[in-house]
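*Asks:* Below you will find the structure I want to go over with you.
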Amino acid sequence: MSLEAKNVTFKYFENTRRNILEGRDFSLPEGKITILTGKSGSGKSTLAYILAGLYPENCGFLISGSVLCEGTDIHALTPNKRVAYVAMMFQNCDLQFCMNNLENELLFCLENIQTPQEETASIIKEVTDTIGITHLLHRNFNTMSGGEKQKCALCCILALKSRCIILDEAFANIDMQSAREIISLIKKLKVTVLAIDHNVALWQGVYDHIVSLDGSAPISGIYDIPTLNEAGETVLSVKGLTVNGISYPDMTFEKGTLTAIVGPSACGKTTFFKTLIRQHKYKGSIVFLGKELARFRKSDIFAKCGIVFQNPSNQFLALTVYDEIFFSVNRWHKNESPSMKEEKTMEFLRLFDLEKYKKYSPYLLSQGQQRRLAVLSMIAGEQEMLLLDEPTYGQDYENIRTIMGLLLEKAKSGLTVIFSTHNEKVAQDFSHKVIRLGDARNE
């Protein structure tokens, strides 16, 4: 089944002069795998939402153009009819789920396409066996890692049996081995696939076509290797730690360093970060700035430690991009003049090429832009430690260098940074130390 967009012009605000897409033609060959690349913010996700029929039904304005599926206008179909043609997996799976666990989500999906009740059990078994996540059927989504959620989302798409699948950075929070296994599975499905992905190498030998939305070449690139600091004073020390059945190795983190935490999906990276901000009870010892973590009040921890979650949209506080940064600047630079605060805010926005979106809602940014905004809001503060859960997810090569380069500069002034990543290249080239977590869950 081919999917074709013709002369698509789209913008988010009716009265704005800026179009996100301008006269765009785009086609997906039937039964082929097409990779869509381009700089963060170039409109890749917007185009995907239009192709899937989600825009402009739910957001924005389609000024001109149409999307045809086997000659039928995709936007003229009701959602339950449209899904037979095309289904989409979001970057942020939390926005996709309607129910509390995978079994209920699959039942919800199948009921919406009027699957006979006597067939639902066999379909659920088939798709969960195929992805290898039968053990997650009854787990609450709130207890899952980002990688586990993405596998569940893909499982739901398989249950719908759509002839065209759109994947929006689907493997950013999954370890490379799991991602390759799923890509191999997708290849065997022989459906039409559009995959938005900055990591083109992951699809090597599998994809049929690469299309760049902004004309830039996909770059796997060589990153700048940081100058290693000498070991400084210990900011954080972890010994004999166990959280929710996950056992961690003993770890130390020194002042002014970047430490990468890597490991397969569900090995405990996000759980570790949440434990450090007192969202999980723990056994063992965590000493932060010379004091046991359990003795800190939560408000005192956030005064010393900032965090950017996997889904940064969960932590935005302001109505506009500008106000999101100004909020942090104002909080940490109370004694400076209003004009100086405004100048600092614009300086931060220019660092990550966000100044032209200053009047936008943070929720209208792409996932990559949202992540850069969340990182900026934390860097604008003066905490002593910064936790970043997948900070380069959804970023192109240029923005990876910008984000990690800025963090390295901040480390020179004493900031301690701990970040998780599935990108081994980023871990090796932008950290002073790499800590590998295994599948340490005791079950």
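Residues in the structure tokens are named by chain (A, B, ... in the order shown) and by number from 1 within that chain; ligands are numbered from 1 in the order shown.
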Near stretch 414-418 of chain A, counting only C-alpha atoms, which residues have an atom at most 12 Å away, once you skip same-chain residues fewer than 6 positions from it, shown as JSON, numbers by chain?
*Replies:* {"A": [229, 231, 232, 233, 234, 235, 236, 251, 252, 253, 254, 255, 256, 257, 258, 259, 260, 261, 262, 269, 270, 272, 273, 276, 288, 289, 304, 305, 306, 307, 308, 375, 378, 379, 380, 381, 382, 383, 384, 385, 386, 387, 388, 389, 390, 391, 404, 406, 407, 408, 427, 430, 431, 432, 433, 434, 435]}
*Asks:* Could you build a table of the residues in stretch 39-85 of chain A lying no more than 12 Å from stretch 188-199 of chain A, giving for each the nearest pair of atoms and their separation in Å rounded to one decimal place, using only C-alpha atoms, ordered by chain and ascending residue number, as CSV?
*Replies:*
```
residue,atom,partner,partner_atom,distance
A:Lys39,CA,A:His198,CA,8.6
A:Ser40,CA,A:His198,CA,9.1
A:Ser42,CA,A:Ile196,CA,11.8
A:Gly43,CA,A:Ile196,CA,10.8
A:Lys44,CA,A:Ile196,CA,7.0
A:Ser45,CA,A:Ile196,CA,7.7
A:Thr46,CA,A:Ile196,CA,11.1
A:Leu47,CA,A:Ile196,CA,10.2
A:Ala48,CA,A:Leu194,CA,8.4
A:Tyr49,CA,A:Ile196,CA,11.7
A:Leu51,CA,A:Leu194,CA,9.9
A:Ala52,CA,A:Leu194,CA,10.6
A:Cys69,CA,A:Thr192,CA,11.6
A:Ala84,CA,A:Val191,CA,11.9
A:Tyr85,CA,A:Thr192,CA,9.8
```
*Asks:* Which of stretch 230-379 of chain A end up as strand (DSSP E) when DSSP is run on this backbone - answer as a ChimeraX atom specification?
*Replies:* /A:234-243,246-247,251-254,258-262,283-288,291-292,305-308
*Asks:* For N, CA and C atoms, I'd like the residues from the last selection saved as a short mmCIF file (atom, residue, chain, number, x, y, z; two decimals), in the first residue's frame.
*Replies:*
```
data_model
loop_
_atom_site.label_atom_id
_atom_site.label_comp_id
_atom_site.auth_asym_id
_atom_site.auth_seq_id
_atom_site.Cartn_x
_atom_site.Cartn_y
_atom_site.Cartn_z
N THR A 234 34.32 13.74 45.96
CA THR A 234 33.16 12.91 45.69
C THR A 234 31.88 13.66 46.02
N VAL A 235 31.00 13.75 45.04
CA VAL A 235 29.71 14.42 45.23
C VAL A 235 28.64 13.40 45.61
N LEU A 236 28.72 12.22 45.01
CA LEU A 236 27.71 11.18 45.24
C LEU A 236 28.39 9.83 45.37
N SER A 237 28.00 9.06 46.39
CA SER A 237 28.55 7.73 46.60
C SER A 237 27.41 6.75 46.83
N VAL A 238 27.44 5.62 46.12
CA VAL A 238 26.37 4.62 46.19
C VAL A 238 26.99 3.28 46.57
N LYS A 239 26.44 2.66 47.63
CA LYS A 239 26.97 1.36 48.09
C LYS A 239 25.82 0.43 48.46
N GLY A 240 25.88 -0.80 47.96
CA GLY A 240 24.91 -1.83 48.32
C GLY A 240 23.47 -1.45 48.03
N LEU A 241 23.25 -0.73 46.92
CA LEU A 241 21.92 -0.19 46.63
C LEU A 241 21.02 -1.22 45.98
N THR A 242 19.79 -1.34 46.50
CA THR A 242 18.74 -2.16 45.90
C THR A 242 17.44 -1.35 45.88
N VAL A 243 16.83 -1.28 44.71
CA VAL A 243 15.58 -0.52 44.55
C VAL A 243 14.60 -1.36 43.72
N ILE A 246 15.96 -4.29 41.99
CA ILE A 246 17.12 -4.08 41.13
C ILE A 246 18.32 -3.80 42.01
N SER A 247 19.40 -4.56 41.82
CA SER A 247 20.64 -4.37 42.57
C SER A 247 21.64 -3.59 41.72
N MET A 251 29.05 2.75 43.26
CA MET A 251 29.43 3.79 42.30
C MET A 251 29.82 5.06 43.04
N THR A 252 30.74 5.82 42.44
CA THR A 252 31.08 7.15 42.95
C THR A 252 31.05 8.13 41.78
N PHE A 253 30.68 9.37 42.08
CA PHE A 253 30.60 10.41 41.07
C PHE A 253 31.32 11.65 41.60
N GLU A 254 32.31 12.12 40.82
CA GLU A 254 33.16 13.20 41.28
C GLU A 254 32.70 14.55 40.75
N LEU A 258 31.39 14.32 33.87
CA LEU A 258 30.22 13.75 33.20
C LEU A 258 30.34 12.23 33.25
N THR A 259 29.32 11.57 33.79
CA THR A 259 29.30 10.11 33.86
C THR A 259 28.13 9.60 33.04
N ALA A 260 28.40 8.68 32.12
CA ALA A 260 27.36 8.05 31.31
C ALA A 260 26.94 6.74 31.95
N ILE A 261 25.65 6.51 32.03
CA ILE A 261 25.13 5.23 32.52
C ILE A 261 24.44 4.54 31.34
N VAL A 262 24.93 3.36 31.01
CA VAL A 262 24.41 2.62 29.87
C VAL A 262 23.94 1.25 30.33
N LYS A 283 17.19 0.37 49.65
CA LYS A 283 18.02 -0.27 50.66
C LYS A 283 19.48 -0.04 50.27
N GLY A 284 20.33 0.12 51.27
CA GLY A 284 21.72 0.42 51.00
C GLY A 284 22.03 1.86 51.39
N SER A 285 23.11 2.38 50.81
CA SER A 285 23.56 3.71 51.18
C SER A 285 23.73 4.59 49.95
N ILE A 286 23.17 5.81 50.02
CA ILE A 286 23.39 6.83 49.00
C ILE A 286 23.82 8.09 49.75
N VAL A 287 25.06 8.48 49.59
CA VAL A 287 25.59 9.67 50.27
C VAL A 287 25.76 10.78 49.24
N PHE A 288 25.01 11.86 49.44
CA PHE A 288 25.03 13.01 48.53
C PHE A 288 25.55 14.22 49.29
N LYS A 291 26.11 13.64 53.00
CA LYS A 291 24.98 13.31 53.88
C LYS A 291 24.12 12.22 53.25
N GLU A 292 23.64 11.29 54.08
CA GLU A 292 22.78 10.22 53.58
C GLU A 292 21.53 10.82 52.94
N CYS A 305 20.05 19.48 43.19
CA CYS A 305 20.09 18.52 42.09
C CYS A 305 18.95 18.76 41.12
N GLY A 306 19.27 18.94 39.83
CA GLY A 306 18.26 19.09 38.80
C GLY A 306 18.11 17.81 38.00
N ILE A 307 16.96 17.62 37.38
CA ILE A 307 16.73 16.40 36.60
C ILE A 307 15.92 16.72 35.35
N VAL A 308 16.27 16.07 34.25
CA VAL A 308 15.49 16.11 33.02
C VAL A 308 15.03 14.68 32.74
#
```
*Asks:* Using only C-alpha atoms, tabulate the residues of stretch 314-388 of chain A lying at most 12 Å from any atom of stretch 4-23 of chain A, each with its closest atom pair and that distance in Å to one decimal, by chain and increasing residue number, as JSON lines.
*Replies:*
```
{"residue": "A:Lys356", "atom": "CA", "partner": "A:Arg18", "partner_atom": "CA", "distance": 10.2}
{"residue": "A:Tyr357", "atom": "CA", "partner": "A:Arg18", "partner_atom": "CA", "distance": 10.7}
{"residue": "A:Lys359", "atom": "CA", "partner": "A:Thr16", "partner_atom": "CA", "distance": 11.2}
{"residue": "A:Tyr360", "atom": "CA", "partner": "A:Tyr12", "partner_atom": "CA", "distance": 9.6}
{"residue": "A:Ser361", "atom": "CA", "partner": "A:Tyr12", "partner_atom": "CA", "distance": 10.7}
{"residue": "A:Tyr363", "atom": "CA", "partner": "A:Tyr12", "partner_atom": "CA", "distance": 11.5}
{"residue": "A:Leu364", "atom": "CA", "partner": "A:Tyr12", "partner_atom": "CA", "distance": 8.0}
{"residue": "A:Leu365", "atom": "CA", "partner": "A:Tyr12", "partner_atom": "CA", "distance": 10.3}
{"residue": "A:Ser366", "atom": "CA", "partner": "A:Ile20", "partner_atom": "CA", "distance": 11.2}
```
*Asks:* State, in Å with one decimal place, the distance from atom CA of A:Asp429 to atom CA of A:Arg371.
*Replies:* 20.0 Å
*Asks:* Would you work out the distance separating atom CA of A:Phe327 from atom CA of A:Phe352, expressed in Å to one decimal?
*Replies:*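 Here the two named atoms are 17.2 Å from each other.
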*Asks:* Looking at A:Glu343, A:Asp168, A:Glu398, A:Glu355, which one is nearest to A:Leu36, with distances taken over only C-alpha atoms?
*Replies:*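 Closest candidate: A:Asp168.
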*Asks:* Have a look at A:Gln310, A:Asn112, A:Asn104, A:Asn92 and name the one nearest to A:Pro79; count only C-alpha atoms.
*Replies:* A:Asn112
*Asks:* Let me make sure I understand: among A:Val83, A:Leu77, A:Thr34, A:Ile123, which one has the smallest atom-to-atom distance to A:Gln204 if we use only C-alpha atoms?
*Replies:*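 Smallest separation from A:Gln204 among the options: A:Thr34.
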